[in-house]
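To be precise, the following lines are model-v3.cif, and they hold mmCIF, C-alpha atoms and all ligand atoms.
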```
data_model
#
loop_
_atom_site.label_atom_id
_atom_site.label_comp_id
_atom_site.auth_asym_id
_atom_site.auth_seq_id
_atom_site.Cartn_x
_atom_site.Cartn_y
_atom_site.Cartn_z
CA MET W 426 32.58 9.02 6.90
CA ILE W 427 29.78 10.79 5.05
CA TRP W 428 27.41 8.44 3.20
CA ASP W 429 25.88 9.67 -0.05
CA VAL W 430 22.45 8.40 1.01
CA VAL W 431 21.08 7.23 4.36
CA ILE W 432 17.68 5.56 4.23
CA ILE W 433 15.39 5.38 7.24
CA GLY W 434 13.48 2.07 7.14
CA GLY W 435 14.35 -1.30 5.61
CA GLY W 436 10.89 -2.15 4.25
CA PRO W 437 10.37 -2.94 0.56
CA VAL W 438 10.53 0.71 -0.47
CA GLY W 439 13.61 1.50 1.63
CA ASN W 440 15.48 -1.55 0.39
CA PHE W 441 14.52 -0.93 -3.21
CA SER W 442 15.62 2.71 -2.87
CA GLY W 443 18.92 1.44 -1.46
CA TYR W 444 19.37 -1.03 -4.30
CA LEU W 445 18.66 1.63 -6.95
CA SER W 446 20.93 4.23 -5.30
CA ALA W 447 23.81 1.76 -5.01
CA SER W 448 23.26 0.76 -8.66
CA PHE W 449 24.22 4.37 -9.49
CA GLY W 450 27.45 3.83 -7.56
CA LEU W 451 26.33 5.80 -4.49
CA LYS W 452 27.46 4.85 -0.97
CA VAL W 453 24.29 3.87 0.89
CA ALA W 454 23.31 2.84 4.43
CA ILE W 455 19.87 1.77 5.66
CA LEU W 456 18.74 2.18 9.28
CA GLU W 457 16.21 -0.49 10.26
CA GLU W 458 14.66 -0.43 13.71
CA HIS W 459 14.05 -4.21 13.82
CA GLY W 460 16.54 -7.08 13.88
CA ASN W 461 15.33 -8.66 10.62
CA ILE W 462 14.05 -7.54 7.25
CA GLY W 463 10.33 -8.22 6.66
CA GLU W 464 9.32 -8.80 10.27
CA PRO W 465 7.00 -8.12 11.95
CA ILE W 466 4.68 -8.63 8.97
CA HIS W 467 1.49 -6.55 8.63
CA CYS W 468 0.43 -6.79 5.01
CA LEU W 469 -1.74 -9.07 2.84
CA GLY W 470 0.95 -9.05 0.15
CA LYS W 471 -1.16 -8.59 -2.99
CA LEU W 472 1.00 -7.09 -5.71
CA SER W 473 0.11 -6.20 -9.29
CA VAL W 474 1.83 -8.00 -12.16
CA HIS W 475 2.97 -4.52 -13.28
CA ALA W 476 5.55 -4.49 -10.46
CA PHE W 477 7.22 -7.67 -11.72
CA ASN W 478 7.09 -6.50 -15.35
CA GLU W 479 8.52 -3.06 -14.58
CA PHE W 480 11.19 -3.80 -12.00
CA SER W 481 12.44 -7.34 -12.79
CA LEU W 482 11.98 -8.43 -9.16
CA PRO W 483 12.77 -11.96 -8.00
CA THR W 484 9.65 -14.14 -8.27
CA ASN W 485 10.38 -16.74 -5.57
CA SER W 486 8.11 -14.94 -3.08
CA ILE W 487 5.00 -15.50 -5.25
CA LEU W 488 2.54 -17.81 -3.49
CA SER W 489 -0.71 -17.53 -5.47
CA PRO W 490 -1.61 -15.89 -8.77
CA LEU W 491 -4.90 -13.95 -8.73
CA LYS W 492 -7.26 -13.24 -11.61
CA GLY W 493 -10.09 -11.40 -9.90
CA ALA W 494 -12.40 -10.86 -6.99
CA TYR W 495 -15.87 -11.50 -5.60
CA PHE W 496 -17.55 -8.37 -4.30
CA PHE W 497 -20.27 -9.08 -1.72
CA SER W 498 -22.97 -6.51 -0.89
CA PRO W 499 -24.09 -6.12 2.75
CA SER W 500 -26.96 -8.59 2.15
CA GLY W 501 -24.69 -11.06 0.30
CA LYS W 502 -25.40 -10.31 -3.38
CA GLU W 503 -22.30 -11.22 -5.30
CA ILE W 504 -20.47 -9.71 -8.25
CA LYS W 505 -17.61 -11.73 -9.66
CA LEU W 506 -14.95 -10.06 -11.80
CA LYS W 507 -12.41 -12.47 -13.21
CA LYS W 508 -9.88 -11.78 -15.92
CA GLU W 509 -8.49 -14.35 -18.32
CA ARG W 510 -4.96 -13.71 -17.12
CA GLU W 511 -3.55 -13.11 -13.67
CA ASP W 512 -3.47 -9.44 -12.75
CA SER W 513 -1.71 -9.77 -9.38
CA TYR W 514 -0.02 -12.16 -7.00
CA ILE W 515 -0.25 -12.95 -3.32
CA LEU W 516 3.29 -12.85 -1.99
CA ASP W 517 5.14 -14.24 0.95
CA ARG W 518 5.74 -10.70 2.25
CA ILE W 519 8.62 -11.70 4.51
CA GLU W 520 10.40 -13.43 1.62
CA PHE W 521 9.64 -10.52 -0.74
CA ASP W 522 11.13 -7.96 1.65
CA LYS W 523 14.16 -10.19 2.29
CA ASN W 524 14.74 -10.51 -1.47
CA LEU W 525 14.84 -6.73 -1.78
CA GLY W 526 17.19 -6.48 1.22
CA GLU W 527 19.52 -9.01 -0.39
CA MET W 528 19.41 -7.15 -3.72
CA ALA W 529 20.46 -3.99 -1.89
CA GLU W 530 23.24 -5.72 0.08
CA LYS W 531 24.60 -7.36 -3.07
CA LYS W 532 25.02 -3.88 -4.55
CA GLY W 533 27.03 -2.86 -1.47
CA VAL W 534 24.33 -1.25 0.71
CA ARG W 535 25.06 -1.51 4.44
CA ILE W 536 21.96 -2.35 6.49
CA ILE W 537 22.25 -1.36 10.15
CA PHE W 538 19.75 -3.38 12.22
CA ASN W 539 18.13 -2.48 15.56
CA ALA W 540 18.74 1.15 14.63
CA LYS W 541 15.79 3.46 15.20
CA ALA W 542 16.23 6.94 13.73
CA PHE W 543 14.73 9.72 15.83
CA ASP W 544 16.26 13.06 14.91
CA VAL W 545 18.39 14.97 12.42
CA ASN W 546 20.63 18.03 12.33
CA HIS W 547 21.74 19.76 9.18
CA PHE W 548 25.26 21.11 8.52
CA LYS W 549 26.89 22.56 5.42
CA GLY W 550 26.83 19.81 2.78
CA TYR W 551 25.67 16.99 5.04
CA SER W 552 23.27 15.99 7.83
CA GLU W 553 23.65 13.96 11.00
CA ILE W 554 20.91 11.43 11.66
CA TYR W 555 20.60 10.27 15.25
CA PHE W 556 19.45 6.76 16.01
CA LYS W 557 19.04 4.45 18.98
CA GLU W 558 21.02 1.24 18.57
CA LYS W 559 20.37 -1.15 21.48
CA GLU W 560 19.79 1.73 23.94
CA ARG W 561 22.90 3.59 22.75
CA ILE W 562 22.53 6.87 20.89
CA ASN W 563 24.52 6.81 17.67
CA LYS W 564 24.81 9.09 14.67
CA ILE W 565 25.45 8.68 10.96
CA LYS W 566 26.31 11.36 8.38
CA ALA W 567 24.61 11.66 4.99
CA ARG W 568 24.52 14.02 2.03
CA LEU W 569 20.97 12.97 1.32
CA ILE W 570 18.26 11.29 3.44
CA ILE W 571 15.43 9.09 2.21
CA ASP W 572 12.58 8.57 4.66
CA ALA W 573 11.05 5.14 3.97
CA GLU W 574 9.86 4.48 7.53
CA GLY W 575 6.32 3.43 6.60
CA ALA W 576 2.90 4.53 7.77
CA LYS W 577 3.65 5.27 11.43
CA ARG W 578 5.89 8.24 10.54
CA GLN W 579 7.67 8.16 13.92
CA PHE W 580 10.75 9.99 12.63
CA LEU W 581 8.67 12.56 10.75
CA ARG W 582 6.49 13.17 13.80
CA ASN W 583 9.65 13.89 15.80
CA LEU W 584 10.41 16.55 13.19
CA GLY W 585 7.01 18.09 13.92
CA LEU W 586 5.08 16.70 10.96
CA TYR W 587 1.55 15.46 11.61
CA GLN W 588 0.23 11.93 11.43
CA ARG W 589 -1.94 11.76 8.31
CA PRO W 590 -5.27 9.92 7.76
CA TYR W 591 -4.98 6.17 8.07
CA LEU W 592 -6.90 2.93 8.53
CA VAL W 593 -6.27 0.25 11.13
CA GLY W 594 -5.92 -3.29 9.74
CA LEU W 595 -6.10 -6.70 11.39
CA GLN W 596 -5.45 -10.04 9.71
CA TYR W 597 -5.60 -13.72 10.65
CA GLU W 598 -3.85 -16.54 8.81
CA ILE W 599 -6.26 -19.45 8.87
CA SER W 600 -6.04 -23.03 7.66
CA GLY W 601 -9.04 -25.07 6.59
CA ILE W 602 -11.30 -22.50 4.89
CA PRO W 603 -12.63 -23.71 1.52
CA LEU W 604 -12.38 -20.82 -0.95
CA ARG W 605 -15.01 -19.88 -3.55
CA ASP W 606 -12.25 -19.73 -6.17
CA SER W 607 -8.56 -20.09 -5.41
CA GLU W 608 -7.72 -17.45 -8.05
CA CYS W 609 -9.97 -14.76 -6.54
CA VAL W 610 -10.10 -12.71 -3.35
CA GLU W 611 -13.45 -12.24 -1.61
CA LEU W 612 -14.36 -8.71 -0.52
CA TYR W 613 -17.18 -8.06 1.98
CA PHE W 614 -18.79 -4.60 2.09
CA GLY W 615 -21.24 -3.01 4.52
CA LYS W 616 -21.44 -1.76 8.08
CA LYS W 617 -21.33 -5.29 9.52
CA TYR W 618 -17.93 -6.01 8.00
CA SER W 619 -16.12 -2.69 8.31
CA LYS W 620 -16.40 0.95 9.24
CA GLY W 621 -14.70 2.84 6.42
CA PHE W 622 -13.31 -0.01 4.30
CA PHE W 623 -14.13 -3.70 3.69
CA ALA W 624 -13.20 -7.16 4.94
CA TRP W 625 -11.42 -9.77 2.84
CA VAL W 626 -10.69 -13.46 2.44
CA SER W 627 -7.68 -14.22 0.30
CA PRO W 628 -5.86 -17.34 -0.81
CA LEU W 629 -2.35 -17.59 0.60
CA LYS W 630 -0.91 -20.99 -0.20
CA ASP W 631 -2.03 -24.63 -0.01
CA ASP W 632 -4.65 -24.82 2.75
CA LEU W 633 -3.84 -21.37 4.16
CA THR W 634 -5.94 -18.22 3.69
CA LYS W 635 -5.62 -14.72 5.05
CA ILE W 636 -8.73 -13.01 6.30
CA GLY W 637 -8.64 -9.39 7.28
CA VAL W 638 -10.34 -6.09 7.76
CA SER W 639 -9.42 -2.43 7.90
CA VAL W 640 -11.41 0.22 9.72
CA LEU W 641 -11.23 3.93 10.42
CA PRO W 642 -9.26 4.79 13.60
CA HIS W 643 -11.08 4.55 16.94
CA ASN W 644 -12.99 1.47 15.74
CA ASN W 645 -12.06 -2.02 16.89
CA PRO W 646 -11.19 -4.16 13.83
CA LYS W 647 -11.58 -7.35 15.89
CA ILE W 648 -15.35 -6.85 16.19
CA TYR W 649 -15.70 -6.71 12.40
CA LEU W 650 -13.36 -9.64 11.83
CA GLU W 651 -15.49 -11.70 14.22
CA ASN W 652 -18.49 -10.96 11.96
CA LEU W 653 -16.49 -12.22 8.99
CA ILE W 654 -15.64 -15.36 10.94
CA LEU W 655 -19.36 -15.91 11.61
CA LYS W 656 -19.92 -15.65 7.86
CA ILE W 657 -17.12 -18.16 7.23
CA LYS W 658 -18.72 -20.56 9.72
CA GLU W 659 -21.58 -20.90 7.20
CA ARG W 660 -18.98 -22.76 5.08
CA THR W 661 -17.10 -24.71 7.71
CA ASN W 662 -16.50 -24.95 11.44
CA HIS W 663 -13.23 -26.81 10.97
CA PHE W 664 -10.59 -24.15 10.67
CA ILE W 665 -7.63 -23.10 12.76
CA ILE W 666 -6.39 -19.56 13.34
CA GLU W 667 -2.63 -19.90 12.89
CA LYS W 668 -1.39 -16.29 13.23
CA LYS W 669 -2.72 -12.82 13.96
CA TYR W 670 -1.17 -9.48 13.06
CA GLY W 671 -2.10 -5.91 12.28
CA GLY W 672 -0.85 -2.61 10.97
CA ILE W 673 -1.92 0.77 9.68
CA ILE W 674 -2.58 1.91 6.12
CA PRO W 675 -2.26 5.53 5.00
CA ILE W 676 -5.11 6.98 2.94
CA TYR W 677 -5.73 10.20 1.00
CA GLY W 678 -2.06 10.61 0.03
CA PRO W 679 0.27 11.82 -1.25
CA TYR W 680 1.53 13.95 1.63
CA GLU W 681 4.65 16.19 1.75
CA MET W 682 7.43 14.51 -0.26
CA PHE W 683 10.41 16.87 0.03
CA ILE W 684 11.64 18.52 3.23
CA PRO W 685 14.50 20.95 2.52
CA PRO W 686 17.38 20.86 2.51
CA ASN W 687 17.89 17.15 1.68
CA LEU W 688 15.08 14.82 2.84
CA LEU W 689 12.92 12.94 0.34
CA ILE W 690 10.00 10.85 1.60
CA VAL W 691 8.88 7.66 -0.18
CA GLY W 692 6.38 4.80 0.20
CA ASP W 693 3.80 4.58 2.98
CA ALA W 694 5.54 7.40 4.86
CA CYS W 695 4.09 9.80 2.31
CA GLY W 696 0.91 7.91 1.44
CA PHE W 697 1.67 6.30 -1.92
CA ASN W 698 -1.27 3.96 -1.27
CA LYS W 699 -4.51 3.44 -3.13
CA SER W 700 -7.21 4.63 -0.73
CA THR W 701 -9.68 2.12 -2.21
CA THR W 702 -7.64 -1.02 -1.45
CA GLY W 703 -4.77 0.14 0.77
CA GLY W 704 -2.22 -1.30 -1.66
CA GLY W 705 1.06 0.61 -1.39
CA ILE W 706 3.84 -1.66 -2.60
CA TYR W 707 3.59 -0.98 -6.34
CA PHE W 708 3.44 2.82 -6.19
CA GLY W 709 6.00 2.68 -3.38
CA LEU W 710 8.50 0.97 -5.69
CA LYS W 711 7.58 3.24 -8.58
CA GLY W 712 8.03 6.32 -6.38
CA ALA W 713 11.41 5.04 -5.14
CA LYS W 714 12.66 4.86 -8.71
CA ILE W 715 11.63 8.46 -9.38
CA ALA W 716 13.14 9.67 -6.09
CA VAL W 717 16.49 7.93 -6.65
CA ASN W 718 16.81 9.29 -10.21
CA GLN W 719 16.38 12.81 -8.84
CA ILE W 720 18.78 12.16 -5.94
CA TYR W 721 21.48 10.91 -8.28
CA LYS W 722 21.18 13.99 -10.49
CA TYR W 723 21.24 16.25 -7.42
CA LEU W 724 24.31 14.59 -5.92
CA GLU W 725 26.09 14.77 -9.28
CA THR W 726 25.37 18.45 -9.89
CA GLY W 727 24.49 20.01 -6.53
CA ASN W 728 21.43 21.51 -8.21
CA LEU W 729 18.58 21.56 -5.66
CA ASN W 730 16.00 21.87 -8.44
CA PHE W 731 16.31 18.11 -8.99
CA LEU W 732 15.02 17.47 -5.46
CA LYS W 733 12.37 20.18 -5.76
CA ALA W 734 11.05 18.51 -8.92
CA TYR W 735 10.41 15.19 -7.15
CA PRO W 736 6.82 15.87 -5.91
CA LYS W 737 5.74 17.06 -9.35
CA LEU W 738 7.24 14.01 -11.05
CA ILE W 739 5.36 11.74 -8.64
CA LYS W 740 2.10 13.57 -9.32
CA ASN W 741 2.68 13.28 -13.08
CA SER W 742 3.41 9.58 -12.77
CA PHE W 743 0.64 8.25 -10.49
CA GLY W 744 -0.87 11.29 -8.72
CA LYS W 745 -4.06 10.86 -10.77
CA GLU W 746 -4.48 7.33 -9.38
CA LEU W 747 -3.94 8.44 -5.77
CA PHE W 748 -6.40 11.30 -6.23
CA PHE W 749 -9.02 9.08 -7.87
CA THR W 750 -8.81 6.30 -5.29
CA GLY W 751 -9.06 8.93 -2.52
CA LEU W 752 -12.19 10.34 -4.14
CA VAL W 753 -13.73 6.85 -4.45
CA ARG W 754 -12.89 6.02 -0.81
CA ARG W 755 -14.60 9.26 0.35
CA PHE W 756 -17.61 8.44 -1.84
CA LEU W 757 -17.90 4.83 -0.64
CA ASN W 758 -17.65 5.95 2.98
CA LYS W 759 -20.69 8.19 2.52
CA LEU W 760 -22.91 5.34 1.30
CA SER W 761 -25.43 3.56 3.50
CA ASP W 762 -25.86 -0.21 3.24
CA ASP W 763 -29.06 0.44 1.21
CA ASN W 764 -27.06 2.61 -1.21
CA LEU W 765 -24.52 -0.19 -1.61
CA GLU W 766 -27.36 -2.65 -2.39
CA GLU W 767 -28.61 -0.26 -5.09
CA ILE W 768 -25.16 -0.09 -6.65
CA TRP W 769 -24.91 -3.90 -6.68
CA ASP W 770 -28.41 -4.03 -8.31
CA ILE W 771 -27.38 -1.54 -11.02
CA ILE W 772 -24.27 -3.53 -11.84
CA LEU W 773 -26.07 -6.89 -11.78
CA ASP W 774 -28.81 -5.48 -14.08
CA ASN W 775 -26.12 -4.28 -16.49
CA SER W 776 -23.90 -7.30 -17.04
CA TRP W 777 -21.99 -5.37 -19.73
CA ILE W 778 -20.38 -3.35 -16.88
CA ILE W 779 -18.88 -6.56 -15.46
CA LYS W 780 -17.64 -7.64 -18.90
CA LYS W 781 -16.11 -4.24 -19.56
CA LEU W 782 -14.37 -4.19 -16.18
CA GLU W 783 -13.03 -7.70 -16.74
CA GLU W 784 -11.69 -6.56 -20.09
CA LYS W 785 -10.36 -3.08 -19.26
CA GLY W 786 -10.13 -2.88 -15.45
CA ASP W 787 -6.73 -2.78 -13.78
CA THR W 788 -6.39 -2.98 -10.00
CA ALA W 789 -3.13 -1.00 -10.09
CA TYR W 790 -4.53 1.74 -12.34
CA GLN W 791 -8.09 2.12 -11.14
CA THR W 792 -8.85 5.12 -13.35
CA SER W 793 -9.29 2.37 -15.97
CA ILE W 794 -12.86 2.25 -14.60
CA PHE W 795 -13.50 5.45 -16.63
CA SER W 796 -13.92 3.18 -19.66
CA VAL W 797 -17.43 2.25 -18.44
CA ILE W 798 -18.63 5.86 -17.97
CA PRO W 799 -19.69 6.69 -21.57
CA SER W 800 -21.81 3.53 -21.80
CA LEU W 801 -23.16 4.09 -18.28
CA ILE W 802 -24.41 7.56 -19.18
CA SER W 803 -25.94 6.46 -22.48
CA ASN W 804 -27.57 3.28 -21.19
CA PRO W 805 -31.20 3.79 -19.98
CA LYS W 806 -30.97 0.74 -17.68
CA SER W 807 -28.22 2.39 -15.69
CA LEU W 808 -29.88 5.81 -15.33
CA ARG W 809 -30.58 5.04 -11.66
CA SER W 810 -26.91 5.71 -10.98
CA ILE W 811 -27.53 9.45 -11.57
CA LYS W 812 -28.85 9.74 -7.99
CA PHE W 813 -25.28 9.24 -6.73
CA ILE W 814 -23.88 12.23 -8.60
CA PRO W 815 -24.33 14.73 -5.70
CA LEU W 816 -22.40 12.41 -3.33
CA LEU W 817 -19.71 11.96 -5.97
CA LEU W 818 -19.41 15.72 -6.41
CA LYS W 819 -19.22 16.20 -2.63
CA SER W 820 -16.40 13.62 -2.48
CA PHE W 821 -14.66 15.35 -5.38
CA PHE W 822 -14.69 18.75 -3.66
CA GLU W 823 -13.43 17.19 -0.42
CA SER W 824 -10.55 15.65 -2.38
CA ILE W 825 -9.25 18.82 -4.02
C1 LIG Q 901 -3.45 -4.96 6.94
C2 LIG Q 901 -2.63 -4.47 5.78
C3 LIG Q 901 -2.77 -5.07 4.53
C4 LIG Q 901 -2.03 -4.60 3.44
N1 LIG Q 901 -2.16 -5.23 2.24
C5 LIG Q 901 -1.48 -4.78 1.17
C6 LIG Q 901 -1.54 -5.45 -0.07
O1 LIG Q 901 -2.19 -6.49 -0.20
N2 LIG Q 901 -0.85 -4.93 -1.13
C7 LIG Q 901 -0.09 -3.80 -1.01
O2 LIG Q 901 0.49 -3.36 -2.01
N3 LIG Q 901 0.02 -3.17 0.17
C8 LIG Q 901 -0.64 -3.64 1.26
N4 LIG Q 901 -0.49 -3.02 2.47
C9 LIG Q 901 0.36 -1.85 2.53
C10 LIG Q 901 1.83 -2.29 2.47
O3 LIG Q 901 2.12 -3.08 3.60
C11 LIG Q 901 2.72 -1.06 2.41
O4 LIG Q 901 2.31 -0.24 1.33
C12 LIG Q 901 4.19 -1.38 2.23
O5 LIG Q 901 4.67 -2.24 3.23
C13 LIG Q 901 4.97 -0.06 2.25
O6 LIG Q 901 6.32 -0.29 2.26
P1 LIG Q 901 7.32 0.76 2.97
O7 LIG Q 901 8.68 0.23 2.74
O8 LIG Q 901 6.96 2.15 2.53
O9 LIG Q 901 6.94 0.70 4.51
P2 LIG Q 901 7.03 -0.51 5.53
O10 LIG Q 901 6.80 -1.80 4.85
O11 LIG Q 901 6.12 -0.15 6.66
O12 LIG Q 901 8.53 -0.50 6.03
C14 LIG Q 901 9.00 0.53 6.87
C15 LIG Q 901 10.23 0.01 7.58
O13 LIG Q 901 10.80 1.07 8.33
C16 LIG Q 901 11.15 0.61 9.63
N5 LIG Q 901 11.11 1.80 10.50
C17 LIG Q 901 10.03 2.51 10.90
N6 LIG Q 901 10.40 3.58 11.63
C18 LIG Q 901 11.76 3.54 11.70
C19 LIG Q 901 12.73 4.40 12.30
N7 LIG Q 901 12.37 5.50 12.98
N8 LIG Q 901 14.03 4.07 12.18
C20 LIG Q 901 14.42 2.94 11.49
N9 LIG Q 901 13.52 2.10 10.90
C21 LIG Q 901 12.21 2.42 10.98
C22 LIG Q 901 10.10 -0.45 9.95
O14 LIG Q 901 10.58 -1.37 10.91
C23 LIG Q 901 9.92 -1.09 8.57
O15 LIG Q 901 10.82 -2.16 8.38
C24 LIG Q 901 -1.17 -3.49 3.59
C25 LIG Q 901 -1.00 -2.91 4.85
C26 LIG Q 901 -1.71 -3.41 5.94
C27 LIG Q 901 -1.53 -2.79 7.29
#
```
For this file, write the structure as structure tokens.
Ligand SMILES: Cc1cc2nc3c(=O)[nH]c(=O)nc-3n(C[C@H](O)[C@H](O)[C@H](O)COP(=O)(O)OP(=O)(O)OC[C@H]3O[C@@H](n4cnc5c(N)ncnc54)[C@H](O)[C@@H]3O)c2cc1C
Amino acid sequence: MIWDVVIIGGGPVGNFSGYLSASFGLKVAILEEHGNIGEPIHCLGKLSVHAFNEFSLPTNSILSPLKGAYFFSPSGKEIKLKKEREDSYILDRIEFDKNLGEMAEKKGVRIIFNAKAFDVNHFKGYSEIYFKEKERINKIKARLIIDAEGAKRQFLRNLGLYQRPYLVGLQYEISGIPLRDSECVELYFGKKYSKGFFAWVSPLKDDLTKIGVSVLPHNNPKIYLENLILKIKERTNHFIIEKKYGGIIPIYGPYEMFIPPNLLIVGDACGFNKSTTGGGIYFGLKGAKIAVNQIYKYLETGNLNFLKAYPKLIKNSFGKELFFTGLVRRFLNKLSDDNLEEIWDIILDNSWIIKKLEEKGDTAYQTSIFSVIPSLISNPKSLRSIKFIPLLLKSFFESI
């Protein structure tokens, strides 16, 4: 049998791609290397309200609504941004992924578990994908392949594609930490808390919180997380570490999205993540929708131009956001702790910036920050920020 679409990876983006493809009436199979959907978990699970508004996803995985964040400078100065309404949710990531798997299966998608794809061969009109299923080598035929294998890109590396830039994340689920505000995450910046990113404390549910950190490769995230734990001990000594897990986060995407003749890449596998926060679920789902629309048109007509158009459509849809967050990540990673303190001072001296960000800011669409630029330039109290322009320009030229 030749399947219309075979998807590598049963994460949220793979399952959602399967669900959308099957909704078009296509015959779809998903290869998932693990025995269950959603496990092992690696993510914080913060997802913008936009995802629920745009894709009518089941809401039973929502654990905590979030309205904002505390941003802590290296010395502990705090900026609190809190919106009137929730702008995102903390999810039970295992439940969320399972929901998407069930949506796909209900539409007729076949999920093949313990099936790790490792190679492909192309023939006229179809491809054979080879996978290991409990030590046996098996194959499956497809007219079209979607790679949704996530950040590790094992399958793509076997095809000779490089690993792209990434961060290494580590998280602990902890009970017993009193939060500053149960509707806000806490973000800790500076060299003590991370090399190349930040550390976080987030509500999860009831008495549970998730604390975590991401760092550039070749740094040990545990060292930085221990510093965060020391900080937390200023609040309480009575907490219990319930679970520990980690994972990697792609940055500076998007990477190659179409490999001729018939392979489209989606989600973390091609870096649909915001380099500022690591978030990849929302743009992953958005990208899946664009990919599947193109796939359907291609399979209906045989016109390869529909697949070729996919990267451009992604760039038109949220390429600006990926570019901008990449630029900001490069900029932030050039700043010393003293520079970060100066930025906190500028913002704290100009409380209108906080108000404007609370009003106009959007964690999913971070270019919304542009709304503060005209006032920033025209406000004499914020003129100190001009000294950062050379570093911003440097980051810009590195990003293009
Ligand atoms: C520490 C950390 C915190 C994060 N926090 C957030 C957050 O708060 N919000 C957010 O939006 N994003 C967050 N992310 C990123 C988020 O987890 C990803 O963007 C999201 O999971 C991407 O979904 P995906 O389906 O593309 O990939 P994945 O979720 O990685 O799924 C890929 C699937 O493919 C399977 N697979 C891999 N290789 C093969 C193969 N060769 N054959 C068969 N199956 C294969 C894997 O088992 C997995 O099930 C975080 C990531 C980390 C590491």
Point-to-point distance from atom CA of W:Gly696 to atom CA of W:Phe449, Å rounded to tenths: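 Between atom CA of W:Gly696 and atom CA of W:Phe449 the gap works out to 26.0 Å.
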Mind giving me the axis-aligned box for ligand LIG 901 (chain Q) with 6 Å on every side, centre plus edges in Å to one decimal, as JSON?
```
{"center_x": 5.5, "center_y": -0.5, "center_z": 5.5, "size_x": 29.9, "size_y": 24.0, "size_z": 27.0}
```
For the interface of chain W with ligand LIG 901 (chain Q) (cut-off 7 Å, counting all atoms listed in the file), please tabulate each contacting residue of chain W alongside its nearest pair of atoms and their separation in Å to one decimal, rows sorted by chain and increasing number, as a tab-separated table.
```
residue	atom	partner	partner_atom	distance
W:Ile433	CA	Q:LIG901	C20	5.0
W:Gly434	CA	Q:LIG901	O13	3.1
W:Gly435	CA	Q:LIG901	O15	4.6
W:Gly436	CA	Q:LIG901	O12	3.4
W:Pro437	CA	Q:LIG901	O7	4.2
W:Val438	CA	Q:LIG901	O7	3.7
W:Gly439	CA	Q:LIG901	O7	5.2
W:Leu456	CA	Q:LIG901	C20	4.9
W:Glu457	CA	Q:LIG901	N9	3.8
W:Glu458	CA	Q:LIG901	N9	3.9
W:His459	CA	Q:LIG901	O14	5.3
W:Ile462	CA	Q:LIG901	O15	6.4
W:Gly463	CA	Q:LIG901	O15	6.3
W:His467	CA	Q:LIG901	C27	5.0
W:Cys468	CA	Q:LIG901	C4	3.6
W:Leu469	CA	Q:LIG901	N1	3.9
W:Gly470	CA	Q:LIG901	O1	4.1
W:Lys471	CA	Q:LIG901	O1	3.6
W:Leu472	CA	Q:LIG901	O2	5.3
W:Ala540	CA	Q:LIG901	C20	5.6
W:Lys541	CA	Q:LIG901	N8	3.5
W:Ala542	CA	Q:LIG901	N8	3.9
W:Phe543	CA	Q:LIG901	N7	5.6
W:Ala573	CA	Q:LIG901	O8	5.3
W:Glu574	CA	Q:LIG901	O13	3.6
W:Gly575	CA	Q:LIG901	O9	3.5
W:Ala576	CA	Q:LIG901	O11	5.8
W:Lys577	CA	Q:LIG901	N6	7.0
W:Arg578	CA	Q:LIG901	N6	6.6
W:Gln579	CA	Q:LIG901	N7	5.5
W:Phe580	CA	Q:LIG901	N7	4.8
W:Val593	CA	Q:LIG901	C27	6.8
W:Gly594	CA	Q:LIG901	C1	4.1
W:Leu595	CA	Q:LIG901	C1	5.5
W:Gln596	CA	Q:LIG901	C1	6.1
W:Gly637	CA	Q:LIG901	C1	6.8
W:Ser639	CA	Q:LIG901	C1	6.6
W:Gly671	CA	Q:LIG901	C1	5.6
W:Gly672	CA	Q:LIG901	C27	3.7
W:Ile673	CA	Q:LIG901	C27	4.3
W:Ile674	CA	Q:LIG901	C27	5.0
W:Val691	CA	Q:LIG901	O8	6.4
W:Gly692	CA	Q:LIG901	O8	3.6
W:Asp693	CA	Q:LIG901	O8	4.0
W:Ala694	CA	Q:LIG901	O8	5.9
W:Asn698	CA	Q:LIG901	O4	6.1
W:Gly703	CA	Q:LIG901	N4	5.6
W:Gly704	CA	Q:LIG901	C7	3.3
W:Gly705	CA	Q:LIG901	O4	3.1
W:Ile706	CA	Q:LIG901	O2	3.8
W:Tyr707	CA	Q:LIG901	O2	5.8
W:Gly709	CA	Q:LIG901	O8	6.0
```
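As for atom CA of W:Glu520 and atom CA of W:Val638, they are spaced 22.8 Å apart.
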Atom CA of W:Ser607 to atom CA of W:Lys505, straight-line distance in Å: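 These atoms are spaced 13.0 Å apart.
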Residue with smallest distance to W:Leu506 - pool W:Val545, W:Ala476, W:Leu773, W:Ala494, counting only C-alpha atoms: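 Distance minimum relative to W:Leu506 lands on W:Ala494.
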Non-local contacts of stretch 795-801 of chain W (8 Å; all atoms listed in the file; under 4 positions in same chain excluded) as a list in words: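 Returned residues: Ile778, Lys781, Leu782, Lys785, Ser807 and Leu808 of chain W.
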Who sits within 12 Å of W:Glu767, all atoms listed in the file, same chain under 3 positions skipped, as a ChimeraX atom specification: /W:498-500,502,760-764,770-774,807-813
Protein and nucleic acid residues near (-21.9, 10.1, -2.9) (cut-off 6 Å, all atoms listed in the file) as a list in words: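 These residues have at least one counted atom within 6 Å: Phe756, Lys759, Phe813, Pro815, Leu816 and Leu817 of chain W.
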Residue nearest W:Val430 - candidates W:Val610, W:Leu488, W:Leu689, W:Leu765, atoms counted: only C-alpha atoms: W:Leu689
Selected residue, from W:Gln719, W:Lys630, W:Met528, W:Asn687, that lies nearest to W:Glu553 when counting all atoms listed in the file: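 Of all the options, W:Asn687 lies closest to W:Glu553.
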